[in-house]
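The next block is protein-v4.pdb, given as PDB, C-alpha atoms (C1' of nucleotides).
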```pdb
ATOM      1  CA  MET A   1      48.844 146.960  82.415
ATOM      2  CA  SER A   2      51.230 145.555  79.873
ATOM      3  CA  LEU A   3      51.282 141.814  79.529
ATOM      4  CA  ASP A   4      54.980 141.547  80.145
ATOM      5  CA  PRO A   5      55.848 137.860  79.976
ATOM      6  CA  ASP A   6      58.530 138.427  82.575
ATOM      7  CA  MET A   7      56.445 140.273  85.104
ATOM      8  CA  PHE A   8      56.975 137.342  87.451
ATOM      9  CA  PRO A   9      60.607 136.314  87.329
ATOM     10  CA  SER A  10      61.417 132.755  88.323
ATOM     11  CA  TYR A  11      62.525 134.306  91.559
ATOM     12  CA  CYS A  12      59.174 135.670  92.555
ATOM     13  CA  PRO A  13      59.243 137.477  95.903
ATOM     14  CA  SER A  14      55.664 136.571  96.668
ATOM     15  CA  SER A  15      56.586 132.914  96.851
ATOM     16  CA  VAL A  16      59.486 133.335  99.277
ATOM     17  CA  PRO A  17      58.719 133.503 102.121
ATOM     18  CA  VAL A  18      55.231 134.946 101.966
ATOM     19  CA  ARG A  19      52.384 133.522  99.976
ATOM     20  CA  ILE A  20      48.851 134.687  99.400
ATOM     21  CA  GLY A  21      46.411 131.803  99.304
ATOM     22  CA  ASP A  22      47.677 129.037  97.112
ATOM     23  CA  LYS A  23      50.712 129.267  94.936
ATOM     24  CA  TRP A  24      49.224 131.393  92.162
ATOM     25  CA  THR A  25      46.326 133.355  93.633
ATOM     26  CA  GLY A  26      48.398 136.422  94.373
ATOM     27  CA  MET A  27      49.790 136.598  90.889
ATOM     28  CA  VAL A  28      46.362 136.161  89.332
ATOM     29  CA  ILE A  29      45.084 139.066  91.398
ATOM     30  CA  ARG A  30      47.955 141.186  90.200
ATOM     31  CA  CYS A  31      47.245 140.210  86.605
ATOM     32  CA  LEU A  32      43.632 141.260  86.990
ATOM     33  CA  GLU A  33      44.500 144.498  88.750
ATOM     34  CA  GLY A  34      44.271 146.536  85.543
ATOM     35  CA  GLY A  35      40.914 145.182  84.474
ATOM     36  CA  PRO A  36      39.158 142.078  83.196
ATOM     37  CA  ARG A  37      41.228 139.531  81.307
ATOM     38  CA  ARG A  38      40.538 136.436  79.286
ATOM     39  CA  PHE A  39      41.881 133.036  80.190
ATOM     40  CA  GLY A  40      44.458 133.183  77.421
ATOM     41  CA  GLU A  41      45.550 136.648  78.461
ATOM     42  CA  LEU A  42      46.279 135.368  81.943
ATOM     43  CA  ARG A  43      48.396 132.599  80.489
ATOM     44  CA  VAL A  44      50.798 135.051  78.901
ATOM     45  CA  PRO A  45      52.298 136.555  82.047
ATOM     46  CA  LEU A  46      51.649 133.344  83.964
ATOM     47  CA  ARG A  47      53.441 131.141  81.515
ATOM     48  CA  ARG A  48      54.758 128.842  84.208
ATOM     49  CA  VAL A  49      51.229 127.887  85.196
ATOM     50  CA  THR A  50      49.724 125.000  83.290
ATOM     51  CA  PRO A  51      46.139 125.499  82.089
ATOM     52  CA  LYS A  52      44.935 122.852  84.482
ATOM     53  CA  VAL A  53      46.360 124.610  87.500
ATOM     54  CA  LEU A  54      45.253 128.015  86.279
ATOM     55  CA  THR A  55      41.723 126.694  85.887
ATOM     56  CA  GLU A  56      41.797 125.232  89.362
ATOM     57  CA  THR A  57      43.079 128.485  90.817
ATOM     58  CA  LEU A  58      40.433 130.541  89.045
ATOM     59  CA  ARG A  59      37.681 128.130  90.081
ATOM     60  CA  ALA A  60      38.744 128.401  93.701
ATOM     61  CA  MET A  61      38.886 132.187  93.483
ATOM     62  CA  GLU A  62      35.450 132.268  91.896
ATOM     63  CA  ARG A  63      34.108 130.025  94.624
ATOM     64  CA  ASP A  64      35.558 132.358  97.238
ATOM     65  CA  GLY A  65      34.101 135.435  95.593
ATOM     66  CA  LEU A  66      37.440 136.944  94.608
ATOM     67  CA  VAL A  67      36.768 136.927  90.862
ATOM     68  CA  THR A  68      33.793 136.627  88.547
ATOM     69  CA  ARG A  69      33.798 134.396  85.492
ATOM     70  CA  THR A  70      31.801 135.447  82.443
ATOM     71  CA  ALA A  71      31.528 133.021  79.537
ATOM     72  CA  HIS A  72      30.404 134.649  76.285
ATOM     73  CA  ASP A  73      28.572 132.274  73.986
ATOM     74  CA  GLU A  74      30.624 133.018  70.894
ATOM     75  CA  ASN A  75      32.983 131.221  68.650
ATOM     76  CA  PRO A  76      35.772 130.757  69.362
ATOM     77  CA  PRO A  77      34.768 130.814  73.035
ATOM     78  CA  ARG A  78      35.559 133.845  75.143
ATOM     79  CA  VAL A  79      35.726 133.772  78.922
ATOM     80  CA  VAL A  80      36.496 136.849  80.946
ATOM     81  CA  TYR A  81      37.694 136.976  84.535
ATOM     82  CA  GLU A  82      37.365 140.076  86.658
ATOM     83  CA  LEU A  83      38.224 140.989  90.218
ATOM     84  CA  THR A  84      35.350 141.499  92.615
ATOM     85  CA  GLY A  85      35.455 144.096  95.357
ATOM     86  CA  LEU A  86      36.522 141.357  97.733
ATOM     87  CA  GLY A  87      39.388 140.332  95.487
ATOM     88  CA  ARG A  88      40.378 143.928  94.922
ATOM     89  CA  GLY A  89      40.590 144.356  98.674
ATOM     90  CA  LEU A  90      43.509 141.960  98.716
ATOM     91  CA  LEU A  91      45.607 144.278  96.572
ATOM     92  CA  PRO A  92      46.931 146.417  99.443
ATOM     93  CA  LEU A  93      47.930 143.230 101.226
ATOM     94  CA  ILE A  94      49.755 141.934  98.202
ATOM     95  CA  ASP A  95      51.451 145.271  97.734
ATOM     96  CA  ALA A  96      52.573 145.220 101.356
ATOM     97  CA  VAL A  97      54.001 141.752 100.860
ATOM     98  CA  GLY A  98      55.781 142.863  97.703
ATOM     99  CA  THR A  99      57.252 145.863  99.481
ATOM    100  CA  TRP A 100      58.464 143.765 102.378
ATOM    101  CA  CYS A 101      60.114 141.365  99.983
ATOM    102  CA  GLU A 102      61.778 144.120  98.011
ATOM    103  CA  ASN A 103      63.201 145.537 101.203
ATOM    104  CA  ASN A 104      64.124 142.343 102.994
ATOM    105  CA  LEU A 105      64.642 139.542 100.543
ATOM    106  CA  ASP A 106      68.338 140.317 100.277
ATOM    107  CA  ALA A 107      68.783 140.041 104.017
ATOM    108  CA  LEU A 108      66.852 136.791 104.054
ATOM    109  CA  LEU A 109      68.910 135.286 101.281
ATOM    110  CA  ARG A 110      72.110 136.372 102.946
ATOM    111  CA  ALA A 111      70.966 134.677 106.146
ATOM    112  CA  ARG A 112      70.160 131.575 104.155
ATOM    113  CA  GLU A 113      73.628 131.705 102.637
ATOM    114  CA  ARG A 114      75.263 131.900 106.045
ATOM    115  CA  HIS A 115      73.412 128.856 107.263
ATOM    116  CA  GLN A 116      74.525 126.677 104.371
ATOM    117  CA  GLY A 117      75.592 123.338 105.779
ATOM    118  CA  LEU A 118      74.949 124.438 109.327
ATOM    119  CA  ARG A 119      72.132 122.781 111.164
ATOM    120  CA  PRO A 120      70.503 120.908 108.285
ATOM    121  CA  THR A 121      66.983 119.564 108.492
ATOM    122  CA  ALA A 122      68.218 116.692 110.644
ATOM    123  CA  PRO A 123      71.188 118.115 112.523
ATOM    124  CA  ALA A 124      73.677 115.819 114.229
ATOM    125  CA  MET A 125      73.204 117.555 117.530
ATOM    126  CA  GLN A 126      75.725 115.660 119.633
TER
ATOM    127  CA  MET B 127      51.547 137.828 126.232
ATOM    128  CA  SER B 128      49.511 135.153 127.935
ATOM    129  CA  LEU B 129      50.018 131.627 126.749
ATOM    130  CA  ASP B 130      46.349 131.126 126.011
ATOM    131  CA  PRO B 131      45.977 127.615 124.633
ATOM    132  CA  ASP B 132      43.161 128.843 122.413
ATOM    133  CA  MET B 133      44.900 131.820 120.910
ATOM    134  CA  PHE B 134      44.646 130.088 117.539
ATOM    135  CA  PRO B 135      41.169 128.651 117.103
ATOM    136  CA  SER B 136      40.829 125.718 114.751
ATOM    137  CA  TYR B 137      39.419 128.261 112.355
ATOM    138  CA  CYS B 138      42.496 130.371 112.071
ATOM    139  CA  PRO B 139      42.045 133.319 109.719
ATOM    140  CA  SER B 140      45.676 133.310 108.733
ATOM    141  CA  SER B 141      45.229 129.982 107.009
ATOM    142  CA  VAL B 142      42.219 130.970 104.918
ATOM    143  CA  PRO B 143      42.907 132.340 102.398
ATOM    144  CA  VAL B 144      46.171 134.029 103.215
ATOM    145  CA  ARG B 145      49.234 132.310 104.555
ATOM    146  CA  ILE B 146      52.586 133.591 105.665
ATOM    147  CA  GLY B 147      55.368 131.261 104.656
ATOM    148  CA  ASP B 148      54.549 127.692 105.543
ATOM    149  CA  LYS B 149      51.607 126.635 107.605
ATOM    150  CA  TRP B 150      52.924 127.643 110.997
ATOM    151  CA  THR B 151      55.466 130.420 110.502
ATOM    152  CA  GLY B 152      52.958 133.209 111.011
ATOM    153  CA  MET B 153      51.717 131.759 114.255
ATOM    154  CA  VAL B 154      55.228 131.229 115.556
ATOM    155  CA  ILE B 155      56.017 134.868 114.863
ATOM    156  CA  ARG B 156      52.917 135.894 116.781
ATOM    157  CA  CYS B 157      53.919 133.671 119.662
ATOM    158  CA  LEU B 158      57.342 135.277 119.807
ATOM    159  CA  GLU B 159      55.947 138.786 119.505
ATOM    160  CA  GLY B 160      56.046 139.360 123.238
ATOM    161  CA  GLY B 161      59.608 138.185 123.727
ATOM    162  CA  PRO B 162      61.834 135.106 123.685
ATOM    163  CA  ARG B 163      60.230 131.762 124.359
ATOM    164  CA  ARG B 164      61.417 128.227 124.929
ATOM    165  CA  PHE B 165      60.486 125.317 122.735
ATOM    166  CA  GLY B 166      58.058 123.982 125.293
ATOM    167  CA  GLU B 167      56.466 127.378 125.725
ATOM    168  CA  LEU B 168      55.750 127.530 122.015
ATOM    169  CA  ARG B 169      54.107 124.143 122.174
ATOM    170  CA  VAL B 170      51.455 125.372 124.581
ATOM    171  CA  PRO B 171      49.634 127.822 122.305
ATOM    172  CA  LEU B 172      50.620 125.784 119.257
ATOM    173  CA  ARG B 173      49.237 122.548 120.569
ATOM    174  CA  ARG B 174      48.100 121.410 117.158
ATOM    175  CA  VAL B 175      51.683 121.382 115.921
ATOM    176  CA  THR B 176      53.643 118.214 116.511
ATOM    177  CA  PRO B 177      57.164 118.669 117.869
ATOM    178  CA  LYS B 178      58.644 117.432 114.616
ATOM    179  CA  VAL B 179      56.840 120.059 112.558
ATOM    180  CA  LEU B 180      57.563 122.783 115.089
ATOM    181  CA  THR B 181      61.241 121.924 114.951
ATOM    182  CA  GLU B 182      61.217 122.010 111.164
ATOM    183  CA  THR B 183      59.450 125.346 111.155
ATOM    184  CA  LEU B 184      61.864 126.857 113.642
ATOM    185  CA  ARG B 185      64.875 125.486 111.763
ATOM    186  CA  ALA B 186      63.629 127.058 108.539
ATOM    187  CA  MET B 187      62.988 130.353 110.281
ATOM    188  CA  GLU B 188      66.435 130.274 111.816
ATOM    189  CA  ARG B 189      67.979 129.543 108.436
ATOM    190  CA  ASP B 190      66.122 132.502 106.970
ATOM    191  CA  GLY B 191      67.205 134.819 109.749
ATOM    192  CA  LEU B 192      63.723 135.312 111.209
ATOM    193  CA  VAL B 193      64.555 133.890 114.630
ATOM    194  CA  THR B 194      67.624 133.104 116.675
ATOM    195  CA  ARG B 195      68.076 129.876 118.570
ATOM    196  CA  THR B 196      70.042 129.878 121.780
ATOM    197  CA  ALA B 197      70.813 126.560 123.453
ATOM    198  CA  HIS B 198      71.892 126.884 127.079
ATOM    199  CA  ASP B 199      74.154 124.083 128.174
ATOM    200  CA  GLU B 200      72.215 123.159 131.251
ATOM    201  CA  ASN B 201      70.295 120.244 132.495
ATOM    202  CA  PRO B 202      67.538 119.741 131.678
ATOM    203  CA  PRO B 203      68.284 121.492 128.392
ATOM    204  CA  ARG B 204      66.949 124.973 127.759
ATOM    205  CA  VAL B 205      66.588 126.385 124.273
ATOM    206  CA  VAL B 206      65.308 129.875 123.661
ATOM    207  CA  TYR B 207      63.920 131.251 120.435
ATOM    208  CA  GLU B 208      63.708 134.967 119.755
ATOM    209  CA  LEU B 209      62.575 137.102 116.852
ATOM    210  CA  THR B 210      65.262 138.932 114.925
ATOM    211  CA  GLY B 211      64.694 142.376 113.459
ATOM    212  CA  LEU B 212      63.925 140.702 110.170
ATOM    213  CA  GLY B 213      61.316 138.467 111.730
ATOM    214  CA  ARG B 214      59.860 141.336 113.702
ATOM    215  CA  GLY B 215      59.444 143.221 110.446
ATOM    216  CA  LEU B 216      56.891 140.654 109.375
ATOM    217  CA  LEU B 217      54.572 141.568 112.226
ATOM    218  CA  PRO B 218      52.855 144.481 110.453
ATOM    219  CA  LEU B 219      52.258 142.202 107.503
ATOM    220  CA  ILE B 220      50.737 139.529 109.665
ATOM    221  CA  ASP B 221      48.600 142.114 111.401
ATOM    222  CA  ALA B 222      47.388 143.386 108.034
ATOM    223  CA  VAL B 223      46.464 139.876 107.035
ATOM    224  CA  GLY B 224      44.647 139.348 110.296
ATOM    225  CA  THR B 225      42.728 142.564 109.860
ATOM    226  CA  TRP B 226      41.734 141.691 106.322
ATOM    227  CA  CYS B 227      40.498 138.311 107.464
ATOM    228  CA  GLU B 228      38.518 139.774 110.332
ATOM    229  CA  ASN B 229      36.829 142.168 107.953
ATOM    230  CA  ASN B 230      36.316 139.893 104.972
ATOM    231  CA  LEU B 231      36.260 136.301 106.043
ATOM    232  CA  ASP B 232      32.493 136.380 106.473
ATOM    233  CA  ALA B 233      31.991 137.580 102.921
ATOM    234  CA  LEU B 234      34.356 134.939 101.644
ATOM    235  CA  LEU B 235      32.612 132.167 103.489
ATOM    236  CA  ARG B 236      29.235 133.380 102.299
ATOM    237  CA  ALA B 237      30.511 133.303  98.715
ATOM    238  CA  ARG B 238      31.791 129.818  99.296
ATOM    239  CA  GLU B 239      28.400 128.825 100.632
ATOM    240  CA  ARG B 240      26.640 130.172  97.547
ATOM    241  CA  HIS B 241      28.867 128.184  95.232
ATOM    242  CA  GLN B 242      28.142 124.885  96.946
ATOM    243  CA  GLY B 243      27.521 122.318  94.233
ATOM    244  CA  LEU B 244      27.891 124.870  91.467
ATOM    245  CA  ARG B 245      30.862 124.531  89.192
ATOM    246  CA  PRO B 246      32.779 121.826  91.019
ATOM    247  CA  THR B 247      36.434 121.182  90.334
ATOM    248  CA  ALA B 248      35.511 119.482  87.070
ATOM    249  CA  PRO B 249      32.367 121.205  85.833
ATOM    250  CA  ALA B 250      30.252 119.650  83.085
ATOM    251  CA  MET B 251      30.626 122.615  80.798
ATOM    252  CA  GLN B 252      28.341 121.603  77.928
TER
ATOM    253  C1'  DC C 253      67.887 101.459 140.398
ATOM    254  C1'  DG C 254      64.085 103.706 138.050
ATOM    255  C1'  DG C 255      61.728 107.529 136.664
ATOM    256  C1'  DC C 256      61.263 112.226 135.075
ATOM    257  C1'  DC C 257      62.651 116.426 132.636
ATOM    258  C1'  DC C 258      63.371 118.989 128.097
ATOM    259  C1'  DA C 259      64.128 119.290 123.471
ATOM    260  C1'  DG C 260      64.039 117.233 120.292
ATOM    261  C1'  DT C 261      64.753 112.692 116.660
ATOM    262  C1'  DT C 262      63.293 108.720 113.950
ATOM    263  C1'  DT C 263      60.238 106.038 111.211
ATOM    264  C1'  DC C 264      56.320 105.507 108.795
ATOM    265  C1'  DC C 265      52.190 107.117 106.575
ATOM    266  C1'  DT C 266      48.553 110.164 104.402
ATOM    267  C1'  DT C 267      47.206 113.960 101.808
ATOM    268  C1'  DG C 268      46.945 117.287  98.481
ATOM    269  C1'  DA C 269      49.073 120.529  95.399
ATOM    270  C1'  DA C 270      51.196 120.725  91.282
ATOM    271  C1'  DG C 271      53.035 119.110  86.843
ATOM    272  C1'  DT C 272      52.870 116.350  82.178
ATOM    273  C1'  DG C 273      50.984 115.274  78.023
ATOM    274  C1'  DA C 274      47.180 114.005  75.387
ATOM    275  C1'  DC C 275      42.691 115.130  74.084
ATOM    276  C1'  DC C 276      37.859 117.641  73.083
ATOM    277  C1'  DG C 277      34.008 120.446  70.533
ATOM    278  C1'  DG C 278      32.306 123.638  67.456
ATOM    279  C1'  DC C 279      33.199 126.751  63.875
ATOM    280  C1'  DG C 280      35.498 129.645  60.416
ATOM    281  C1'  DG C 281      39.065 129.785  56.921
ATOM    282  C1'  DG C 282      42.152 127.886  53.280
TER
ATOM    283  C1'  DC D 283      38.687 118.113  54.113
ATOM    284  C1'  DC D 284      41.363 119.191  57.574
ATOM    285  C1'  DC D 285      43.560 122.617  60.419
ATOM    286  C1'  DG D 286      43.775 125.841  64.055
ATOM    287  C1'  DC D 287      41.596 128.670  67.596
ATOM    288  C1'  DC D 288      39.934 128.919  72.559
ATOM    289  C1'  DG D 289      39.129 127.359  76.945
ATOM    290  C1'  DG D 290      39.379 124.123  78.843
ATOM    291  C1'  DT D 291      39.182 118.383  80.465
ATOM    292  C1'  DC D 292      41.206 113.788  81.603
ATOM    293  C1'  DA D 293      44.309 110.364  83.379
ATOM    294  C1'  DC D 294      48.438 109.821  85.350
ATOM    295  C1'  DT D 295      52.559 110.798  88.155
ATOM    296  C1'  DT D 296      55.580 113.236  91.371
ATOM    297  C1'  DC D 297      56.813 115.603  95.411
ATOM    298  C1'  DA D 298      56.847 117.896  99.661
ATOM    299  C1'  DA D 299      54.205 119.154 103.747
ATOM    300  C1'  DG D 300      52.278 117.542 107.444
ATOM    301  C1'  DG D 301      50.929 114.237 111.048
ATOM    302  C1'  DA D 302      51.164 109.988 114.586
ATOM    303  C1'  DA D 303      53.599 107.578 117.693
ATOM    304  C1'  DA D 304      57.489 105.854 119.690
ATOM    305  C1'  DC D 305      62.079 106.703 121.046
ATOM    306  C1'  DT D 306      66.692 109.155 122.741
ATOM    307  C1'  DG D 307      70.275 111.165 126.038
ATOM    308  C1'  DG D 308      72.063 112.683 130.019
ATOM    309  C1'  DG D 309      71.819 114.565 134.336
ATOM    310  C1'  DC D 310      69.105 114.781 138.741
ATOM    311  C1'  DC D 311      65.916 113.354 142.278
ATOM    312  C1'  DG D 312      64.040 109.882 145.155
TER
END
```

Could you write out this structure as structure tokens?
Amino acid sequence: MSLDPDMFPSYCPSSVPVRIGDKWTGMVIRCLEGGPRRFGELRVPLRRVTPKVLTETLRAMERDGLVTRTAHDENPPRVVYELTGLGRGLLPLIDAVGTWCENNLDALLRARERHQGLRPTAPAMQ
Amino acid sequence: MSLDPDMFPSYCPSSVPVRIGDKWTGMVIRCLEGGPRRFGELRVPLRRVTPKVLTETLRAMERDGLVTRTAHDENPPRVVYELTGLGRGLLPLIDAVGTWCENNLDALLRARERHQGLRPTAPAMQ
DNA sequence: CGGCCCAGTTTCCTTGAAGTGACCGGCGGG
DNA sequence: CCCGCCGGTCACTTCAAGGAAACTGGGCCG
């Protein structure tokens, strides 16, 4: 997997309207699809995630058994994250979501366009 | 579809760890799977949703073209919500999520159990 | 007149996720 | 001697989602 910085455009399908877990879990899983990665390697494609939030996401995923965290006692430090079988099992789901978005996001956005101004959050019904 | 009040146990798989859209969208789609329903009919199985939040959810889904809203000019008022083709297309996705959760939620919760106390949100690394 | 019905609305509040920017510790290199 | 590297941490703020509870409006029934 290439570490394309733009692999998640600002307009990421997996955030509208379908999300996996919290905001970044799905993207982390995708980043780890091709094999183990270090913290800093995850930050390259996930450049819109601050280290704090990335840490939190990875901690939660570790807690849930979706990834393993291996800290090598070297210098400078090296920490490697890897998908577990459980985490890998989410890949088909994420792919399905991605496919749905590819096929239907246009229709959704067109619908959203049509409803501009109509029936806002607090519509003046009468 | 029966309007079983307990069709969504407090422990709903679709909220841990995979969510569709906002908190309630997935459940609304499931509720509408069997055909059009009125606002009050949605409130029965979705009893943990307050009317305000249900309205917001339905408005967002309408805006995104997932449901249609039909207000009949009668008294007392009657408003019917129905899945569009777009919304119906999310059903396989939701089913896939449900299946994954059925198969893997135990493993996830066991992992979560194991990590109790270990590596909290702010671990004392050194 | 006084409720009741449905489908919401309105106001207020809590919670938690996410973001910002500064900082840390140990070591190897210049 | 100080800088940068890595993988974070810390304190602080912001923002939106969600929830609780009371209220609305206009017919219709008694």

Exercise for the section: Would you mind reading off the distance between CA of Met27 (chain A) and CA of Arg112 (chain A), one decimal, in Å? Expected result: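 Straight-line distance from CA of Met27 (chain A) to CA of Arg112 (chain A) works out to 24.8 Å.
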
Applied to this file, what does the PyMOL selection byres ((chain D) within 9 of (chain A)) return in terms of residues, put as a CSV table (one decimal) with C-alpha atoms (C1' of nucleotides), in the frame of the given file?
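Once everything was written out, this is selection_29.csv:
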```
chain,number,residue,atom,x,y,z
D,287,DC,C1',41.6,128.7,67.6
D,288,DC,C1',39.9,128.9,72.6
D,289,DG,C1',39.1,127.4,76.9
D,290,DG,C1',39.4,124.1,78.8
D,291,DT,C1',39.2,118.4,80.5
```

Exercise for the section: At a cut-off of 10 Å, list the chain C residues touching chain A, using all atoms listed in the file, as a list of chain:residue names. Expected result: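 The selection requested is C:DG260, C:DT261, C:DT262, C:DA269, C:DA270, C:DG271, C:DT272, C:DG278, C:DC279, C:DG280.
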
Practice task
Compute the distance from (61.8, 142.7, 112.1) to each atom, counting all atoms listed in the file, keep the residues with any atom at most 12 Å away, and return them as a VMD selection string; use the coordinates of the file.
Solution key: (chain A and resid 100 103 to 104 107 to 108) or (chain B and resid 155 158 to 159 191 to 193 208 to 220)

Keeping C-alpha atoms, export the residues of the selection given above as a short mmCIF file (atom, residue, chain, number, x, y, z; two decimals), in the frame of the given file.
```cif
data_model
loop_
_atom_site.label_atom_id
_atom_site.label_comp_id
_atom_site.auth_asym_id
_atom_site.auth_seq_id
_atom_site.Cartn_x
_atom_site.Cartn_y
_atom_site.Cartn_z
CA TRP A 100 58.46 143.76 102.38
CA ASN A 103 63.20 145.54 101.20
CA ASN A 104 64.12 142.34 102.99
CA ALA A 107 68.78 140.04 104.02
CA LEU A 108 66.85 136.79 104.05
CA ILE B 155 56.02 134.87 114.86
CA LEU B 158 57.34 135.28 119.81
CA GLU B 159 55.95 138.79 119.50
CA GLY B 191 67.20 134.82 109.75
CA LEU B 192 63.72 135.31 111.21
CA VAL B 193 64.56 133.89 114.63
CA GLU B 208 63.71 134.97 119.76
CA LEU B 209 62.58 137.10 116.85
CA THR B 210 65.26 138.93 114.92
CA GLY B 211 64.69 142.38 113.46
CA LEU B 212 63.92 140.70 110.17
CA GLY B 213 61.32 138.47 111.73
CA ARG B 214 59.86 141.34 113.70
CA GLY B 215 59.44 143.22 110.45
CA LEU B 216 56.89 140.65 109.38
CA LEU B 217 54.57 141.57 112.23
CA PRO B 218 52.86 144.48 110.45
CA LEU B 219 52.26 142.20 107.50
CA ILE B 220 50.74 139.53 109.66
#
```

Exercise for the section: Kindly give the distance, in Å, that separates CA of Tyr207 (chain B) and CA of Thr194 (chain B), rounded to a single decimal. Expected result: 5.6 Å

Practice task
In Å, rounded to a single decimal, give me how far CA of Gln116 (chain A) is from CA of Thr183 (chain B).
Solution key: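 So the two atoms, CA of Thr183 (chain B) and CA of Gln116 (chain A), lie 16.6 Å apart.
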
Exercise for the section: Would you mind telling me which residue in A:Glu102, A:Glu41, A:Asp73, A:Glu56 lies nearest to chain B when using all atoms listed in the file? Expected result: A:Glu56

Practice task
Starting from the shown file, work through the PyMOL selection byres ((chain C and resi 254) around 12) and note down what comes out as a VMD selection string.
Solution key: (chain C and resid 253 255 to 256) or (chain D and resid 311 to 312)

Practice task
On this file, the PyMOL selection byres ((chain C and resi 282) around 12) gives some set of residues; write that set as a ChimeraX atom specification.
Solution key: /C:280-281 /D:283-286

Render region 217-222 of chain B from the structure in the preceding block as a file of all heavy atoms, as a compact mmCIF listing (two decimals), in the first residue's frame.
```
# COMPACT_ATOMS: atom_id res chain seq x y z
N LEU B 217 -30.10 -1.11 3.31
CA LEU B 217 -30.47 -2.28 4.10
C LEU B 217 -29.42 -3.39 4.08
O LEU B 217 -29.09 -3.93 5.14
CB LEU B 217 -31.84 -2.81 3.63
CG LEU B 217 -33.02 -2.09 4.26
CD1 LEU B 217 -34.31 -2.46 3.55
CD2 LEU B 217 -33.13 -2.43 5.74
N PRO B 218 -28.89 -3.75 2.90
CA PRO B 218 -27.87 -4.81 2.91
C PRO B 218 -26.67 -4.43 3.77
O PRO B 218 -26.10 -5.28 4.46
CB PRO B 218 -27.46 -4.91 1.43
CG PRO B 218 -28.58 -4.32 0.66
CD PRO B 218 -29.21 -3.30 1.54
N LEU B 219 -26.33 -3.16 3.75
CA LEU B 219 -25.21 -2.70 4.56
C LEU B 219 -25.51 -2.89 6.04
O LEU B 219 -24.69 -3.37 6.81
CB LEU B 219 -24.97 -1.21 4.28
CG LEU B 219 -23.57 -0.84 3.82
CD1 LEU B 219 -23.22 -1.63 2.58
CD2 LEU B 219 -23.47 0.64 3.55
N ILE B 220 -26.70 -2.49 6.42
CA ILE B 220 -27.08 -2.60 7.82
C ILE B 220 -27.14 -4.06 8.24
O ILE B 220 -26.73 -4.43 9.33
CB ILE B 220 -28.43 -1.89 8.05
CG1 ILE B 220 -28.25 -0.39 7.79
CG2 ILE B 220 -28.95 -2.15 9.44
CD1 ILE B 220 -29.54 0.38 7.84
N ASP B 221 -27.64 -4.89 7.32
CA ASP B 221 -27.67 -6.32 7.63
C ASP B 221 -26.26 -6.85 7.83
O ASP B 221 -25.99 -7.64 8.75
CB ASP B 221 -28.36 -7.09 6.49
CG ASP B 221 -29.86 -6.87 6.50
OD1 ASP B 221 -30.38 -6.37 7.52
OD2 ASP B 221 -30.52 -7.19 5.49
N ALA B 222 -25.34 -6.42 6.96
CA ALA B 222 -23.96 -6.89 7.06
C ALA B 222 -23.37 -6.49 8.41
O ALA B 222 -22.68 -7.27 9.07
CB ALA B 222 -23.12 -6.33 5.91
```
